[in-house]
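J.: I'd like to ask some things about the structure below.
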Amino acid sequence: MIEPLDFTIGVRDFDPYLLPEDSREVGTEAFKQAVVAYYAEQFTPCGGQAIVAFAADAIHVEWVPDEIANDPLDYAISLLSDGKLDEGATLLRVLHSR
Amino acid sequence: MNWAESTTTIMDLVEQTTGKPISLEIDPKLAAMALVVMARANEPAHRLVHRPSAPNLDYLVAFQCGFVLRLYECVSAERFEFAASSTGKASVRTLVTEAGGELQRMGLPKDMVLQVADQMLAGLLTQLRSVPIGMRIESWLWETYPDLHAQQKDCVGRQLRDNTKSLGPQIRDMTPGPIYSGNASMNCAYALFADRLFGMPLYAVPYRSAGFIERGSKLLKLLDDLPGDPAHDRLLVDAWGEELGLSDWFKWVPLDAAR
């Protein structure tokens, strides 16, 4: 199984030209929806699921493969059980903020 | 240690090519999982140091041996090591101590800030030296030693997942622009390379969204366009350095004068 991939980028570091012209204003609902759609499309060839969460100044993205996509909460808990507290807590935060 | 057949073959190849044996050492406190310290003219052996329970150790050792082999496949007059130039040190120190920088705001003592500057430069140059040549080694291992594929995929994946951490806004805020950009561009090139090698467009996604895909693609094209033999490794690193605007931050030092 390919391991999940997670990353965070500054909300102003996201390349706005990747989004439709009417969705480029940072912080708007249209921007958030376009970013979510962008990552979903980017990860489509890999299968799985892209989970995107927004903080005040950052975008957090977690891609999980098909094996985990059906129950990401269970996976987050398994990370915590394995002592991977940082990864587990990050995923829980992302799932909670959706 | 029971090494995989491929790893044994590669270690034998190192000993035959260089005329020096490999001395194995276990170090639980090693920062990396494994590394090879190449023998100098007055040293009897290459030191292969690894952590006692490093995952993917066969692949890691094979990868490290790849650097030794590529260096020794060059004629002795063409064996060089890489070092920071005085211009590079001065440039990064200036960047780090510029007014308004995050490190300034943190109120760190000046000597500590300069130490951070030197570490940032050393890290960036290690990356510049090891990533493009490392990709040559990755290709060679992938094509030649299929029994290492599982370890290679796992190890490269770990590295790439780790690399994405440095895209975060906190790192960006405390890192001078040219260093942040150079690091992310090289990580992007490596991600594009791995996506191509493994046939899955996964690891380059973060860099595409953060605007590094154009520079990363240029670096990968330089790798593709230059001949892949070890005699062109220095040229490859020079080409990446030029693309990243780092040409005067480093210099090449003949191997046995390097330490």
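So you can find residues: chains in the structure tokens are A, B, ... in the order shown, residues in each start at 1, and ligands are numbered from 1 in order.
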Would you give me, as an MDAnalysis selection string, the residues in chain A that DSSP reads as helix (DSSP H, G or I)?

T.: chainID A and resid 16:18 21:23 29:46 66:69 72:81 85:97

J.: Using only C-alpha atoms, I'd like every residue of chain B that has an atom within 7 Å of chain A; please write them out as a short mmCIF file (atom, residue, chain, number, x, y, z; two decimals) with N, CA and C atoms, in the first residue's frame.

T.:
data_model
loop_
_atom_site.label_atom_id
_atom_site.label_comp_id
_atom_site.auth_asym_id
_atom_site.auth_seq_id
_atom_site.Cartn_x
_atom_site.Cartn_y
_atom_site.Cartn_z
N ARG B 161 7.73 12.30 1.17
CA ARG B 161 6.73 12.76 2.14
C ARG B 161 7.36 13.70 3.16
N THR B 164 7.94 17.32 1.74
CA THR B 164 6.81 18.26 1.64
C THR B 164 6.66 19.11 2.90
N LYS B 165 7.24 18.63 4.00
CA LYS B 165 7.14 19.40 5.26
C LYS B 165 7.77 20.78 5.11
N LEU B 167 7.59 22.76 2.73
CA LEU B 167 6.78 23.73 1.98
C LEU B 167 5.97 24.63 2.90
N GLY B 168 5.81 24.23 4.13
CA GLY B 168 4.88 24.90 5.05
C GLY B 168 5.19 26.37 5.28
N PRO B 169 4.16 27.14 5.64
CA PRO B 169 4.35 28.58 5.80
C PRO B 169 5.34 28.96 6.90
N MET B 200 3.14 7.02 -11.18
CA MET B 200 1.97 7.51 -10.44
C MET B 200 2.17 8.99 -10.10
N PRO B 201 1.32 9.89 -10.62
CA PRO B 201 1.57 11.33 -10.44
C PRO B 201 1.13 11.85 -9.08
N LEU B 202 1.81 11.43 -8.04
CA LEU B 202 1.39 11.71 -6.67
C LEU B 202 2.22 12.82 -6.02
N VAL B 205 2.24 16.82 -6.78
CA VAL B 205 1.04 17.65 -6.60
C VAL B 205 1.29 18.84 -5.66
N SER B 209 0.89 22.93 -6.95
CA SER B 209 -0.04 23.90 -6.37
C SER B 209 0.68 25.09 -5.74
N ALA B 210 1.93 24.89 -5.35
CA ALA B 210 2.67 26.00 -4.72
C ALA B 210 3.52 26.77 -5.74
N GLY B 211 3.37 26.45 -7.01
CA GLY B 211 4.01 27.26 -8.04
C GLY B 211 5.46 26.90 -8.36
#

J.: Which neighbours of range 92-95 of chain A fall inside 7 Å, counting only C-alpha atoms, when residues of the same chain fewer than 2 positions from it are skipped, and could you give them as a list in words?

T.: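 Within the cut-off, the hits are Val52, Ala53, Ala76, Gly88, Ala89, Thr90, Ser97 and Arg98 of chain A.
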
J.: I'd like the contact shell of Leu160 in chain B - 8 Å cut-off, only C-alpha atoms, skipping same-chain residues fewer than 3 positions apart - returned as a PyMOL selection string.

T.: chain B and resi 156-157+163-164+187+190-191+203

J.: Export N, CA and C atoms of the chosen residues as an mmCIF file, in the first residue's frame?

T.:
data_model
loop_
_atom_site.group_PDB
_atom_site.id
_atom_site.type_symbol
_atom_site.label_atom_id
_atom_site.label_comp_id
_atom_site.auth_asym_id
_atom_site.auth_seq_id
_atom_site.Cartn_x
_atom_site.Cartn_y
_atom_site.Cartn_z
ATOM 1 N N VAL B 156 12.125 6.040 -1.087
ATOM 2 C CA VAL B 156 11.942 7.284 -1.839
ATOM 3 C C VAL B 156 10.639 7.958 -1.395
ATOM 4 N N GLY B 157 9.595 7.156 -1.194
ATOM 5 C CA GLY B 157 8.325 7.699 -0.721
ATOM 6 C C GLY B 157 8.471 8.390 0.625
ATOM 7 N N ASN B 163 9.980 15.581 2.526
ATOM 8 C CA ASN B 163 10.328 16.826 1.823
ATOM 9 C C ASN B 163 9.177 17.828 1.820
ATOM 10 N N THR B 164 7.937 17.324 1.738
ATOM 11 C CA THR B 164 6.807 18.264 1.636
ATOM 12 C C THR B 164 6.661 19.109 2.903
ATOM 13 N N ASN B 187 13.254 19.768 -4.627
ATOM 14 C CA ASN B 187 12.310 18.746 -4.152
ATOM 15 C C ASN B 187 11.248 18.454 -5.204
ATOM 16 N N TYR B 190 12.705 16.251 -7.880
ATOM 17 C CA TYR B 190 12.805 14.874 -7.360
ATOM 18 C C TYR B 190 11.427 14.205 -7.355
ATOM 19 N N ALA B 191 10.406 14.977 -6.983
ATOM 20 C CA ALA B 191 9.041 14.438 -6.966
ATOM 21 C C ALA B 191 8.592 14.074 -8.388
ATOM 22 N N TYR B 203 3.532 12.630 -6.021
ATOM 23 C CA TYR B 203 4.374 13.450 -5.150
ATOM 24 C C TYR B 203 4.598 14.874 -5.659
#

J.: Report as a list in words: the residues of range 1-94 of chain A with a DSSP assignment of strand (DSSP E or B), based on the backbone of this structure.

T.: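 After running DSSP on the backbone, range 1-94 of chain A has strand (DSSP E or B) at Leu5, Asp6, Phe7, Thr8, Ile9, Gly10, Gln49, Ala50, Ile51, Val52, Ala53, Phe54, Ala58, Ile59, His60, Val61, Glu62, Trp63 and Val64 of chain A.
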
J.: Got time to write the residues from that selection, N, CA and C atoms, as a PDB file, in the first residue's frame?

T.:
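Written out: result.pdb:
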ATOM      1  N   LEU A   5      -0.200  10.902   1.865  1.00  0.00           N
ATOM      2  CA  LEU A   5       0.679  12.070   1.665  1.00  0.00           C
ATOM      3  C   LEU A   5      -0.017  13.278   2.267  1.00  0.00           C
ATOM      4  N   ASP A   6       0.656  13.975   3.150  1.00  0.00           N
ATOM      5  CA  ASP A   6       0.038  15.189   3.683  1.00  0.00           C
ATOM      6  C   ASP A   6       1.009  16.354   3.587  1.00  0.00           C
ATOM      7  N   PHE A   7       0.447  17.507   3.363  1.00  0.00           N
ATOM      8  CA  PHE A   7       1.292  18.701   3.285  1.00  0.00           C
ATOM      9  C   PHE A   7       0.471  19.944   3.601  1.00  0.00           C
ATOM     10  N   THR A   8       1.197  20.991   3.959  1.00  0.00           N
ATOM     11  CA  THR A   8       0.568  22.271   4.259  1.00  0.00           C
ATOM     12  C   THR A   8       1.262  23.342   3.441  1.00  0.00           C
ATOM     13  N   ILE A   9       0.503  24.205   2.796  1.00  0.00           N
ATOM     14  CA  ILE A   9       1.124  25.363   2.146  1.00  0.00           C
ATOM     15  C   ILE A   9       0.397  26.626   2.608  1.00  0.00           C
ATOM     16  N   GLY A  10       1.109  27.723   2.581  1.00  0.00           N
ATOM     17  CA  GLY A  10       0.496  28.993   2.940  1.00  0.00           C
ATOM     18  C   GLY A  10      -0.641  29.285   1.961  1.00  0.00           C
ATOM     19  N   GLN A  49      -8.503   9.448  -1.893  1.00  0.00           N
ATOM     20  CA  GLN A  49      -9.325  10.621  -1.589  1.00  0.00           C
ATOM     21  C   GLN A  49      -8.439  11.754  -1.109  1.00  0.00           C
ATOM     22  N   ALA A  50      -8.738  12.972  -1.559  1.00  0.00           N
ATOM     23  CA  ALA A  50      -8.028  14.156  -1.066  1.00  0.00           C
ATOM     24  C   ALA A  50      -8.905  14.869  -0.057  1.00  0.00           C
ATOM     25  N   ILE A  51      -8.348  15.112   1.109  1.00  0.00           N
ATOM     26  CA  ILE A  51      -9.086  15.805   2.162  1.00  0.00           C
ATOM     27  C   ILE A  51      -8.399  17.155   2.364  1.00  0.00           C
ATOM     28  N   VAL A  52      -9.141  18.231   2.224  1.00  0.00           N
ATOM     29  CA  VAL A  52      -8.548  19.574   2.266  1.00  0.00           C
ATOM     30  C   VAL A  52      -9.166  20.363   3.408  1.00  0.00           C
ATOM     31  N   ALA A  53      -8.330  21.005   4.194  1.00  0.00           N
ATOM     32  CA  ALA A  53      -8.826  21.849   5.285  1.00  0.00           C
ATOM     33  C   ALA A  53      -8.140  23.206   5.225  1.00  0.00           C
ATOM     34  N   PHE A  54      -8.854  24.218   5.659  1.00  0.00           N
ATOM     35  CA  PHE A  54      -8.314  25.584   5.611  1.00  0.00           C
ATOM     36  C   PHE A  54      -8.127  26.124   7.026  1.00  0.00           C
ATOM     37  N   ALA A  58      -3.304  29.026   6.032  1.00  0.00           N
ATOM     38  CA  ALA A  58      -2.704  27.821   5.450  1.00  0.00           C
ATOM     39  C   ALA A  58      -3.764  26.878   4.889  1.00  0.00           C
ATOM     40  N   ILE A  59      -3.327  26.092   3.937  1.00  0.00           N
ATOM     41  CA  ILE A  59      -4.172  25.026   3.383  1.00  0.00           C
ATOM     42  C   ILE A  59      -3.505  23.709   3.747  1.00  0.00           C
ATOM     43  N   HIS A  60      -4.261  22.829   4.390  1.00  0.00           N
ATOM     44  CA  HIS A  60      -3.704  21.516   4.714  1.00  0.00           C
ATOM     45  C   HIS A  60      -4.382  20.470   3.835  1.00  0.00           C
ATOM     46  N   VAL A  61      -3.553  19.642   3.220  1.00  0.00           N
ATOM     47  CA  VAL A  61      -4.067  18.630   2.298  1.00  0.00           C
ATOM     48  C   VAL A  61      -3.589  17.259   2.747  1.00  0.00           C
ATOM     49  N   GLU A  62      -4.488  16.332   2.783  1.00  0.00           N
ATOM     50  CA  GLU A  62      -4.123  14.947   3.100  1.00  0.00           C
ATOM     51  C   GLU A  62      -4.707  14.068   2.002  1.00  0.00           C
ATOM     52  N   TRP A  63      -3.834  13.362   1.322  1.00  0.00           N
ATOM     53  CA  TRP A  63      -4.309  12.363   0.358  1.00  0.00           C
ATOM     54  C   TRP A  63      -4.171  10.993   1.006  1.00  0.00           C
ATOM     55  N   VAL A  64      -5.270  10.239   0.936  1.00  0.00           N
ATOM     56  CA  VAL A  64      -5.218   8.871   1.481  1.00  0.00           C
ATOM     57  C   VAL A  64      -5.553   7.890   0.369  1.00  0.00           C
TER      58      VAL A  64
END
